[in-house]
$ cat data_15.tsv   # TSV, C-alpha atoms
chain	number	residue	atom	x	y	z
A	1	MET	CA	32.28	91.72	71.27
A	2	GLY	CA	33.06	91.46	74.99
A	3	ASP	CA	36.64	92.49	74.17
A	4	MET	CA	35.38	95.86	72.96
A	5	VAL	CA	34.51	96.93	76.46
A	6	GLY	CA	38.04	96.23	77.59
A	7	THR	CA	39.77	98.33	74.94
A	8	SER	CA	40.00	101.88	76.17
A	9	GLN	CA	40.96	105.29	74.94
A	10	ASP	CA	43.77	106.77	77.03
A	11	LEU	CA	41.85	108.17	79.98
A	12	LYS	CA	44.27	111.07	80.42
A	13	ASP	CA	43.10	113.01	77.43
A	14	ILE	CA	39.31	112.93	77.36
A	15	THR	CA	37.78	116.35	76.79
A	16	ILE	CA	34.08	116.92	77.41
A	17	ALA	CA	32.40	119.97	75.87
A	18	PHE	CA	29.71	121.38	78.15
A	19	ASP	CA	26.95	123.53	76.67
A	20	VAL	CA	26.76	125.90	79.61
A	21	MET	CA	23.87	128.14	78.64
A	22	GLY	CA	20.47	126.57	78.04
A	23	SER	CA	19.49	124.82	81.29
A	24	ASP	CA	16.63	125.79	83.62
A	25	HIS	CA	19.13	127.10	86.18
A	26	GLY	CA	21.22	129.10	83.68
A	27	PRO	CA	25.00	128.67	83.50
A	28	GLU	CA	25.58	128.44	87.25
A	29	GLU	CA	24.86	124.75	87.95
A	30	VAL	CA	26.54	123.54	84.75
A	31	VAL	CA	29.75	125.44	85.54
A	32	ARG	CA	29.66	124.21	89.16
A	33	GLY	CA	29.24	120.65	87.91
A	34	ALA	CA	32.22	121.00	85.56
A	35	ALA	CA	34.25	122.55	88.40
A	36	GLN	CA	33.45	119.57	90.63
A	37	LEU	CA	34.41	117.23	87.80
A	38	SER	CA	37.82	118.93	87.56
A	39	LEU	CA	38.40	118.04	91.25
A	40	GLU	CA	37.08	114.47	91.08
A	41	ALA	CA	38.32	113.23	87.70
A	42	PRO	CA	41.97	113.91	86.89
A	43	HIS	CA	41.64	112.29	83.44
A	44	ILE	CA	38.85	114.60	82.19
A	45	HIS	CA	39.25	118.09	80.73
A	46	ALA	CA	36.14	120.31	80.63
A	47	LEU	CA	35.62	122.69	77.70
A	48	LEU	CA	32.94	125.18	78.76
A	49	VAL	CA	31.01	126.71	75.86
A	50	GLY	CA	29.05	129.84	76.74
A	51	ASP	CA	29.25	133.42	77.96
A	52	ARG	CA	32.79	133.91	79.29
A	53	ASP	CA	31.83	136.58	81.85
A	54	ALA	CA	29.07	134.40	83.31
A	55	ILE	CA	31.40	131.37	83.40
A	56	ASP	CA	34.28	133.31	84.98
A	57	ALA	CA	31.96	134.77	87.63
A	58	VAL	CA	30.91	131.28	88.76
A	59	LEU	CA	34.45	129.87	88.60
A	60	ALA	CA	35.71	132.79	90.71
A	61	GLU	CA	33.63	131.59	93.64
A	62	THR	CA	33.82	127.82	93.03
A	63	LYS	CA	36.70	125.52	93.93
A	64	HIS	CA	38.16	123.96	90.76
A	65	ARG	CA	41.37	122.86	89.04
A	66	ALA	CA	42.00	125.63	86.50
A	67	GLU	CA	44.33	123.51	84.34
A	68	ARG	CA	41.46	121.08	83.66
A	69	ILE	CA	39.01	123.72	82.47
A	70	SER	CA	38.99	125.89	79.35
A	71	VAL	CA	36.38	128.29	77.99
A	72	GLN	CA	35.04	128.93	74.50
A	73	HIS	CA	33.15	132.23	74.52
A	74	VAL	CA	29.71	132.20	72.88
A	75	SER	CA	27.06	134.81	73.66
A	76	GLU	CA	23.98	133.22	72.04
A	77	PHE	CA	21.96	130.30	73.37
A	78	ILE	CA	18.64	128.55	72.79
A	79	ALA	CA	16.06	128.84	75.57
A	80	MET	CA	13.83	125.97	76.72
A	81	ASP	CA	10.67	127.51	75.29
A	82	GLU	CA	12.06	128.23	71.80
A	83	LYS	CA	11.17	126.13	68.75
A	84	PRO	CA	14.35	124.10	68.15
A	85	GLY	CA	14.53	124.22	64.34
A	86	GLU	CA	13.72	127.93	64.03
A	87	ALA	CA	16.05	128.89	66.88
A	88	LEU	CA	19.00	126.93	65.45
A	89	ALA	CA	18.46	128.47	62.00
A	90	ARG	CA	18.33	131.96	63.51
A	91	LYS	CA	21.18	131.55	66.00
A	92	LYS	CA	24.00	129.97	64.04
A	93	ASN	CA	26.38	130.51	66.97
A	94	ALA	CA	24.14	129.23	69.76
A	95	SER	CA	26.16	127.52	72.51
A	96	VAL	CA	24.81	124.02	71.79
A	97	ALA	CA	25.65	124.34	68.06
A	98	VAL	CA	29.17	125.62	68.74
A	99	ALA	CA	29.74	122.87	71.32
A	100	ALA	CA	28.54	120.18	68.88
A	101	GLN	CA	30.78	121.60	66.15
A	102	LEU	CA	33.81	121.55	68.48
A	103	VAL	CA	33.13	117.87	69.21
A	104	ALA	CA	32.67	117.10	65.49
A	105	GLU	CA	36.01	118.79	64.75
A	106	GLY	CA	37.81	116.77	67.41
A	107	GLU	CA	38.35	119.63	69.88
A	108	ALA	CA	36.38	117.52	72.40
A	109	HIS	CA	35.38	113.85	72.54
A	110	ALA	CA	31.81	114.21	73.81
A	111	LEU	CA	29.05	116.73	74.45
A	112	VAL	CA	26.98	117.32	77.58
A	113	SER	CA	24.01	119.70	77.63
A	114	ALA	CA	21.08	120.36	79.96
A	115	GLY	CA	19.42	122.62	77.39
A	116	ASN	CA	16.48	122.39	74.97
A	117	THR	CA	16.28	118.68	74.01
A	118	GLY	CA	15.05	119.26	70.46
A	119	ALA	CA	17.80	121.80	69.77
A	120	CYS	CA	20.40	119.38	71.18
A	121	VAL	CA	19.27	116.50	68.94
A	122	LEU	CA	19.13	118.79	65.88
A	123	ALA	CA	22.61	120.18	66.62
A	124	CYS	CA	23.95	116.61	66.81
A	125	ALA	CA	22.21	115.73	63.53
A	126	ARG	CA	23.76	118.80	61.89
A	127	PHE	CA	27.36	118.25	62.97
A	128	PHE	CA	27.75	114.52	63.71
A	129	GLN	CA	27.57	111.55	61.33
A	130	LEU	CA	25.35	108.53	61.91
A	131	ILE	CA	27.30	105.33	62.62
A	132	PRO	CA	27.44	103.23	59.40
A	133	GLY	CA	24.42	100.90	59.47
A	134	VAL	CA	22.32	103.19	61.69
A	135	ARG	CA	19.44	104.87	59.85
A	136	ARG	CA	18.11	106.91	62.76
A	137	ALA	CA	19.41	108.07	66.12
A	138	ALA	CA	17.54	107.35	69.34
A	139	LEU	CA	17.23	109.29	72.57
A	140	ALA	CA	17.53	106.79	75.41
A	141	ALA	CA	16.26	107.52	78.91
A	142	VAL	CA	17.37	106.00	82.17
A	143	TYR	CA	14.49	105.37	84.54
A	144	PRO	CA	14.25	103.93	88.08
A	145	THR	CA	13.13	100.33	88.66
A	146	ARG	CA	12.47	97.92	91.50
A	147	GLY	CA	15.17	95.48	90.38
A	148	THR	CA	18.92	96.23	90.18
A	149	ARG	CA	21.40	95.19	87.50
A	150	GLY	CA	25.06	94.93	86.54
A	151	GLU	CA	28.25	95.06	88.58
A	152	LYS	CA	27.23	98.41	90.06
A	153	GLU	CA	23.72	97.14	90.97
A	154	ASP	CA	22.14	100.05	89.14
A	155	PRO	CA	18.47	100.53	90.08
A	156	PHE	CA	17.91	101.88	86.55
A	157	SER	CA	16.82	100.50	83.20
A	158	LEU	CA	17.12	102.04	79.77
A	159	ILE	CA	14.21	102.78	77.44
A	160	LEU	CA	14.69	103.92	73.85
A	161	ASP	CA	13.62	105.69	71.78
A	162	VAL	CA	11.89	108.37	73.87
A	163	GLY	CA	11.55	111.07	71.24
A	164	ALA	CA	14.22	111.32	68.53
A	165	THR	CA	12.47	109.03	66.02
A	166	VAL	CA	8.68	109.16	66.27
A	167	GLU	CA	7.95	106.29	63.87
A	168	ALA	CA	10.36	103.37	63.79
A	169	THR	CA	10.59	100.48	61.32
A	170	ALA	CA	11.47	96.90	62.33
A	171	GLU	CA	15.03	97.61	61.19
A	172	ASP	CA	15.18	100.72	63.42
A	173	LEU	CA	13.92	98.74	66.43
A	174	VAL	CA	16.64	96.12	65.91
A	175	THR	CA	19.26	98.91	65.72
A	176	PHE	CA	17.87	100.50	68.92
A	177	ALA	CA	18.20	97.11	70.65
A	178	VAL	CA	21.87	96.82	69.63
A	179	MET	CA	22.61	100.42	70.71
A	180	GLY	CA	20.80	100.11	74.05
A	181	SER	CA	22.51	96.82	74.78
A	182	ALA	CA	25.98	98.28	74.08
A	183	TYR	CA	25.26	101.30	76.29
A	184	ALA	CA	23.95	99.22	79.21
A	185	ARG	CA	26.96	96.91	78.94
A	186	ILE	CA	29.43	99.78	79.14
A	187	ILE	CA	27.74	102.16	81.58
A	188	SER	CA	26.19	99.64	84.02
A	189	ARG	CA	29.00	97.10	83.56
A	190	ASN	CA	26.29	94.57	82.79
A	191	GLU	CA	27.88	91.93	80.54
A	192	ARG	CA	24.61	90.46	79.15
A	193	PRO	CA	21.86	93.06	79.50
A	194	LYS	CA	18.36	91.66	78.98
A	195	VAL	CA	16.70	93.38	76.03
A	196	ALA	CA	12.96	93.35	75.26
A	197	LEU	CA	10.47	94.94	72.87
A	198	LEU	CA	7.57	96.89	74.34
A	199	SER	CA	4.28	95.42	73.13
A	200	ASN	CA	0.70	94.71	74.21
A	201	GLY	CA	1.41	91.08	75.04
A	202	VAL	CA	4.37	88.76	75.61
A	203	GLU	CA	3.60	86.37	72.74
A	204	PRO	CA	5.92	86.75	69.69
A	205	GLN	CA	2.99	87.51	67.37
A	206	LYS	CA	1.59	90.30	69.58
A	207	GLY	CA	1.86	93.95	68.49
A	208	PRO	CA	1.98	95.83	65.19
A	209	PRO	CA	3.79	94.21	62.20
A	210	ARG	CA	7.04	96.14	62.78
A	211	VAL	CA	7.25	94.80	66.37
A	212	VAL	CA	6.48	91.23	65.24
A	213	GLU	CA	9.17	91.48	62.55
A	214	ALA	CA	11.72	93.02	64.95
A	215	HIS	CA	10.96	90.16	67.38
A	216	ALA	CA	11.80	87.56	64.70
A	217	ARG	CA	15.03	89.36	63.73
A	218	LEU	CA	16.24	89.88	67.30
A	219	SER	CA	15.50	86.24	68.18
A	220	ALA	CA	18.03	85.24	65.51
A	221	MET	CA	20.80	87.59	66.76
A	222	PRO	CA	23.23	85.88	69.17
A	223	GLY	CA	24.95	89.20	70.01
A	224	VAL	CA	21.87	90.60	71.77
A	225	ASN	CA	20.44	88.95	74.91
A	226	PHE	CA	16.86	89.29	73.61
A	227	VAL	CA	14.21	87.94	75.99
A	228	GLY	CA	11.07	88.71	73.95
A	229	ASN	CA	8.24	91.17	74.53
A	230	VAL	CA	7.33	92.99	77.73
A	231	GLU	CA	4.17	94.93	78.57
A	232	GLY	CA	3.80	98.37	80.15
A	233	VAL	CA	3.43	96.84	83.60
A	234	ASP	CA	7.01	95.49	83.34
A	235	ILE	CA	8.56	98.94	82.91
A	236	PRO	CA	8.68	100.00	86.59
A	237	LYS	CA	9.36	96.43	87.77
A	238	GLY	CA	12.71	96.39	86.00
A	239	THR	CA	11.99	92.97	84.47
A	240	VAL	CA	14.58	93.74	81.78
A	241	ASP	CA	17.56	96.07	81.40
A	242	VAL	CA	16.75	97.64	78.01
A	243	ILE	CA	13.25	98.28	76.63
A	244	VAL	CA	12.97	99.02	72.91
A	245	THR	CA	10.11	101.00	71.35
A	246	ASP	CA	9.49	103.92	68.97
A	247	GLY	CA	9.88	107.56	70.00
A	248	PHE	CA	6.14	108.23	70.23
A	249	MET	CA	5.43	105.35	72.59
A	250	GLY	CA	8.63	105.81	74.56
A	251	ASN	CA	7.96	109.49	75.15
A	252	VAL	CA	4.44	108.75	76.43
A	253	CYS	CA	5.85	106.11	78.83
A	254	LEU	CA	8.58	108.41	80.09
A	255	LYS	CA	6.18	111.29	80.78
A	256	MET	CA	3.89	108.90	82.64
A	257	LEU	CA	6.76	107.65	84.80
A	258	GLU	CA	7.70	111.25	85.66
A	259	GLY	CA	4.05	112.00	86.49
A	260	VAL	CA	3.75	108.99	88.79
A	261	HIS	CA	6.89	110.03	90.66
A	262	ASP	CA	5.60	113.61	91.12
A	263	THR	CA	2.21	112.31	92.27
A	264	VAL	CA	3.75	110.01	94.89
A	265	VAL	CA	5.78	112.91	96.28
A	266	GLU	CA	2.71	115.21	96.33
A	267	LEU	CA	0.55	112.58	98.06
A	268	ALA	CA	3.23	112.16	100.71
A	269	GLN	CA	3.31	115.92	101.32
A	270	TYR	CA	-0.51	116.07	101.42
A	271	ALA	CA	-0.66	113.20	103.93
A	272	TYR	CA	1.93	114.92	106.06
A	273	LYS	CA	-0.09	118.14	106.24
A	274	GLU	CA	-3.49	116.53	106.73
A	275	LYS	CA	-3.57	114.21	109.70
A	276	LEU	CA	-1.48	113.45	112.72
A	277	ARG	CA	-2.44	109.78	112.37
A	278	TRP	CA	-1.20	109.81	108.79
A	279	ARG	CA	1.92	111.58	109.93
A	280	ALA	CA	2.71	108.75	112.34
A	281	GLY	CA	2.22	106.26	109.52
A	282	LEU	CA	4.27	108.44	107.22
A	283	ALA	CA	7.12	108.53	109.71
A	284	MET	CA	7.25	104.74	109.44
A	285	LEU	CA	7.12	105.02	105.67
A	286	SER	CA	9.67	107.80	105.43
A	287	SER	CA	12.61	105.49	104.78
A	288	GLY	CA	10.60	103.94	101.95
A	289	ILE	CA	9.80	107.37	100.55
A	290	GLN	CA	13.48	108.31	100.82
A	291	ARG	CA	14.23	105.16	98.81
A	292	ILE	CA	11.74	106.26	96.12
A	293	LYS	CA	13.41	109.67	96.06
A	294	ASP	CA	16.87	108.08	95.87
A	295	ILE	CA	16.07	105.86	92.93
A	296	THR	CA	14.04	108.45	91.04
A	297	ASP	CA	16.79	111.01	91.44
A	298	TRP	CA	18.19	111.54	87.93
A	299	GLU	CA	21.18	113.31	89.45
A	300	GLN	CA	22.69	109.90	90.21
A	301	TYR	CA	22.93	108.88	86.58
A	302	GLY	CA	23.68	112.18	84.89
A	303	GLY	CA	21.49	112.03	81.84
A	304	ALA	CA	20.16	110.37	78.73
A	305	PRO	CA	22.38	109.43	75.79
A	306	VAL	CA	21.52	110.17	72.18
A	307	LEU	CA	22.64	106.94	70.50
A	308	GLY	CA	23.48	106.34	66.85
A	309	PHE	CA	25.90	109.19	66.10
A	310	ASP	CA	29.66	108.81	65.73
A	311	ARG	CA	30.15	111.15	68.69
A	312	ILE	CA	28.92	110.81	72.27
A	313	PHE	CA	26.16	113.12	73.50
A	314	ILE	CA	24.66	113.00	77.00
A	315	LYS	CA	21.49	115.03	77.54
A	316	ALA	CA	21.27	116.07	81.18
A	317	HIS	CA	17.85	116.92	82.62
A	318	GLY	CA	16.91	120.60	82.27
A	319	ARG	CA	16.56	120.88	86.04
A	320	SER	CA	19.98	119.32	86.70
A	321	LYS	CA	21.98	120.63	89.62
A	322	ALA	CA	25.79	120.50	89.76
A	323	ARG	CA	25.99	116.87	90.92
A	324	ALA	CA	23.97	115.65	87.92
A	325	ILE	CA	26.24	117.61	85.56
A	326	THR	CA	29.37	116.12	87.17
A	327	ASN	CA	27.91	112.63	86.71
A	328	ALA	CA	26.88	113.38	83.11
A	329	GLY	CA	30.52	114.29	82.43
A	330	LYS	CA	31.71	111.02	83.98
A	331	VAL	CA	29.18	108.95	81.99
A	332	ALA	CA	30.21	110.72	78.76
A	333	ALA	CA	33.90	110.05	79.49
A	334	LYS	CA	33.16	106.39	80.24
A	335	ALA	CA	31.31	106.00	76.92
A	336	VAL	CA	34.29	107.57	75.11
A	337	ALA	CA	36.88	105.49	76.98
A	338	HIS	CA	35.08	102.24	76.16
A	339	GLN	CA	34.50	103.25	72.53
A	340	LEU	CA	30.72	103.03	72.57
A	341	GLY	CA	30.45	103.88	68.86
A	342	THR	CA	32.66	100.95	67.86
A	343	ALA	CA	30.77	98.61	70.19
A	344	ILE	CA	27.49	99.63	68.51
A	345	GLN	CA	28.91	99.22	65.02
A	346	GLU	CA	30.26	95.76	65.78
A	347	GLY	CA	26.89	94.66	67.13
A	348	LEU	CA	24.82	95.76	64.12
A	349	PRO	CA	23.51	93.04	61.80
A	350	ARG	CA	25.81	92.66	58.81
$ encode --input "data_15.tsv" --output "structure tokens"
Amino acid sequence: MGDMVGTSQDLKDITIAFDVMGSDHGPEEVVRGAAQLSLEAPHIHALLVGDRDAIDAVLAETKHRAERISVQHVSEFIAMDEKPGEALARKKNASVAVAAQLVAEGEAHALVSAGNTGACVLACARFFQLIPGVRRAALAAVYPTRGTRGEKEDPFSLILDVGATVEATAEDLVTFAVMGSAYARIISRNERPKVALLSNGVEPQKGPPRVVEAHARLSAMPGVNFVGNVEGVDIPKGTVDVIVTDGFMGNVCLKMLEGVHDTVVELAQYAYKEKLRWRAGLAMLSSGIQRIKDITDWEQYGGAPVLGFDRIFIKAHGRSKARAITNAGKVAAKAVAHQLGTAIQEGLPR
């Protein structure tokens, strides 16, 4: 299976479709990110899907390589506050749907969007096929940890699912483990990522029946570096590289991690305003706080993959600025080049 990572698609012809319209910042940051990508990555072509006038206006004032960018005009898009299913049914030509269709038809190799997460996942489900042997897709999230991993010393771990599949069977959890392991291996260049199940105790018999059963199955799979169960306290420590859970639990954990980060930042600001004494202490702590900001900055890692489909989709954070979009494009291209889908398929239990 290690050989898989070595076999690559020709890097010269990777096209990434960008859904330009639905992010919190409108088309501007997404187009700027794609423009930056055209300067930094000669092997990647960006296909921008969205309102041509809006895209052209941003490109007119942003440095870019025109030969590496093309535009597919679409006027409709799905806003963050819309109900995904209803909006997709009503807006057949929404930018995320058109972008997903272009990827499904082979006009692009992967999709990047910073739009409405639910609409993105539904658009993928509509136009992409599940990899044979995968029953349900998973939305994986990259989150900051104390420990680092892989060749690149990434200070991030992966948790999945965080919202695509609310209830997961033992079989689903095993599949998520295989998918998360393949992704961590390719993106973090981590040859043997440590994989664990999230439970309420480290003993093999701890947790609901589906977790206990998944534990037994994963223990018997040589292709996955399964290290057993971890508890909630292990998440921020970075004890393992991939944490496997169902979408309900994973989403709760992810929201809590985001809340803790925001609270730390707010407390630091409060301390700064309140007392001179605290300010002096804070000055000493500032490098530490900068470190927290650095590792909790999603812009470094681009976004969260939706795993399980035959096409690559990277979901960038809704608040992504240009740099995050550029990185999302690079991550998507890397997943395509190293044939993530094939790596997942080869790792699934026969």
$ atom_distance --input "data_15.tsv" --atom1 "atom CA of Ala99 of chain A" --atom2 "atom CA of Phe18 of chain A"
7.0 Å
$ closest_residue --input "data_15.tsv" --among "A:Ala110, A:Val98, A:Met249, A:Leu122" --to "Asn200 of chain A" --atoms "all atoms listed in the file"
A:Met249
$ atom_distance --input "data_15.tsv" --atom1 "atom CA of Arg126 of chain A" --atom2 "atom CA of Ile243 of chain A"
27.4 Å
$ residues_around --input "data_15.tsv" --residues "Asp53 of chain A" --least-positions-apart "6" --cutoff "10 Å" --atoms "only C-alpha atoms" --output "list in words"
Leu59, His73 and Ser75 of chain A
$ residues_around --input "data_15.tsv" --residues "Ile131 of chain A" --least-positions-apart "2" --cutoff "7 Å" --atoms "all atoms listed in the file" --output "PyMOL selection string"
chain A and resi 129+133-134+308-310+345
$ residues_around --input "data_15.tsv" --residues "Ile314 of chain A" --least-positions-apart "2" --cutoff "6 Å" --atoms "only C-alpha atoms" --output "JSON, numbers by chain"
{"A": [112, 303, 304, 305]}
$ atom_distance --input "data_15.tsv" --atom1 "atom CA of Thr239 of chain A" --atom2 "atom CA of Phe156 of chain A"
10.9 Å
$ closest_residue --input "data_15.tsv" --among "A:Ala333, A:Ile159, A:Leu173, A:Ile186" --to "Arg210 of chain A" --atoms "only C-alpha atoms"
A:Leu173
$ closest_residue --input "data_15.tsv" --among "A:Ala100, A:Val227, A:Ile14, A:Ala35" --to "Val49 of chain A" --atoms "only C-alpha atoms"
A:Ala100
$ residues_around --input "data_15.tsv" --residues "Phe128 of chain A" --least-positions-apart "5" --cutoff "12 Å" --atoms "all atoms listed in the file" --output "list in words"
Ala97, Ala99, Ala100, Gln101, Leu102, Val103, Ala104, Glu105, Gly106, His109, Ala110, Leu111, Cys120, Val121, Leu122, Ala123, Ala137, Val306, Leu307, Gly308, Phe309, Asp310, Arg311, Ile312 and Phe313 of chain A
$ residues_around --input "data_15.tsv" --residues "Gly247 of chain A" --least-positions-apart "6" --cutoff "9 Å" --atoms "all atoms listed in the file" --output "list in words"
Ala138, Leu139, Leu160, Asp161, Val162, Gly163, Ala164, Thr165, Val166, Glu167 and Ala168 of chain A
$ closest_residue --input "data_15.tsv" --among "A:Val142, A:Ala220, A:Val31, A:Ala332" --to "Gly238 of chain A" --atoms "all atoms listed in the file"
A:Val142
$ build_atoms --input "data_15.tsv" --residues "segment 67-90 of chain A" --atoms "N, CA and C atoms" --output "CSV table (one decimal), keeping the file's coordinate frame"
chain,number,residue,atom,x,y,z
A,67,GLU,N,43.6,124.1,85.5
A,67,GLU,CA,44.3,123.5,84.3
A,67,GLU,C,43.5,122.5,83.6
A,68,ARG,N,42.3,122.1,84.3
A,68,ARG,CA,41.5,121.1,83.7
A,68,ARG,C,40.2,121.7,83.0
A,69,ILE,N,40.2,123.0,83.0
A,69,ILE,CA,39.0,123.7,82.5
A,69,ILE,C,39.4,124.8,81.4
A,70,SER,N,38.8,124.8,80.3
A,70,SER,CA,39.0,125.9,79.4
A,70,SER,C,37.6,126.4,78.9
A,71,VAL,N,37.6,127.6,78.3
A,71,VAL,CA,36.4,128.3,78.0
A,71,VAL,C,36.4,128.7,76.5
A,72,GLN,N,35.3,128.4,75.9
A,72,GLN,CA,35.0,128.9,74.5
A,72,GLN,C,33.9,129.9,74.6
A,73,HIS,N,34.2,131.2,74.3
A,73,HIS,CA,33.2,132.2,74.5
A,73,HIS,C,32.1,132.2,73.4
A,74,VAL,N,30.8,132.1,73.8
A,74,VAL,CA,29.7,132.2,72.9
A,74,VAL,C,28.6,133.0,73.6
A,75,SER,N,28.1,134.0,73.0
A,75,SER,CA,27.1,134.8,73.7
A,75,SER,C,25.6,134.3,73.5
A,76,GLU,N,25.4,133.6,72.3
A,76,GLU,CA,24.0,133.2,72.0
A,76,GLU,C,23.7,131.9,72.6
A,77,PHE,N,22.4,131.6,72.9
A,77,PHE,CA,22.0,130.3,73.4
A,77,PHE,C,20.5,130.1,73.1
A,78,ILE,N,20.0,128.9,73.1
A,78,ILE,CA,18.6,128.6,72.8
A,78,ILE,C,17.9,128.3,74.1
A,79,ALA,N,16.8,129.0,74.3
A,79,ALA,CA,16.1,128.8,75.6
A,79,ALA,C,15.2,127.6,75.5
A,80,MET,N,14.7,127.2,76.6
A,80,MET,CA,13.8,126.0,76.7
A,80,MET,C,12.5,126.1,75.9
A,81,ASP,N,12.0,127.3,75.9
A,81,ASP,CA,10.7,127.5,75.3
A,81,ASP,C,10.7,127.9,73.8
A,82,GLU,N,11.9,127.9,73.2
A,82,GLU,CA,12.1,128.2,71.8
A,82,GLU,C,11.8,127.0,70.9
A,83,LYS,N,11.3,127.2,69.7
A,83,LYS,CA,11.2,126.1,68.8
A,83,LYS,C,12.5,125.8,68.2
A,84,PRO,N,13.0,124.5,68.4
A,84,PRO,CA,14.4,124.1,68.2
A,84,PRO,C,14.8,124.4,66.7
A,85,GLY,N,14.1,124.0,65.7
A,85,GLY,CA,14.5,124.2,64.3
A,85,GLY,C,14.7,125.7,64.0
A,86,GLU,N,13.7,126.5,64.3
A,86,GLU,CA,13.7,127.9,64.0
A,86,GLU,C,14.9,128.6,64.8
A,87,ALA,N,15.0,128.3,66.1
A,87,ALA,CA,16.0,128.9,66.9
A,87,ALA,C,17.5,128.6,66.4
A,88,LEU,N,17.7,127.3,66.0
A,88,LEU,CA,19.0,126.9,65.4
A,88,LEU,C,19.3,127.6,64.1
A,89,ALA,N,18.3,127.8,63.3
A,89,ALA,CA,18.5,128.5,62.0
A,89,ALA,C,18.8,129.9,62.2
A,90,ARG,N,18.2,130.5,63.2
A,90,ARG,CA,18.3,132.0,63.5
A,90,ARG,C,19.6,132.2,64.3
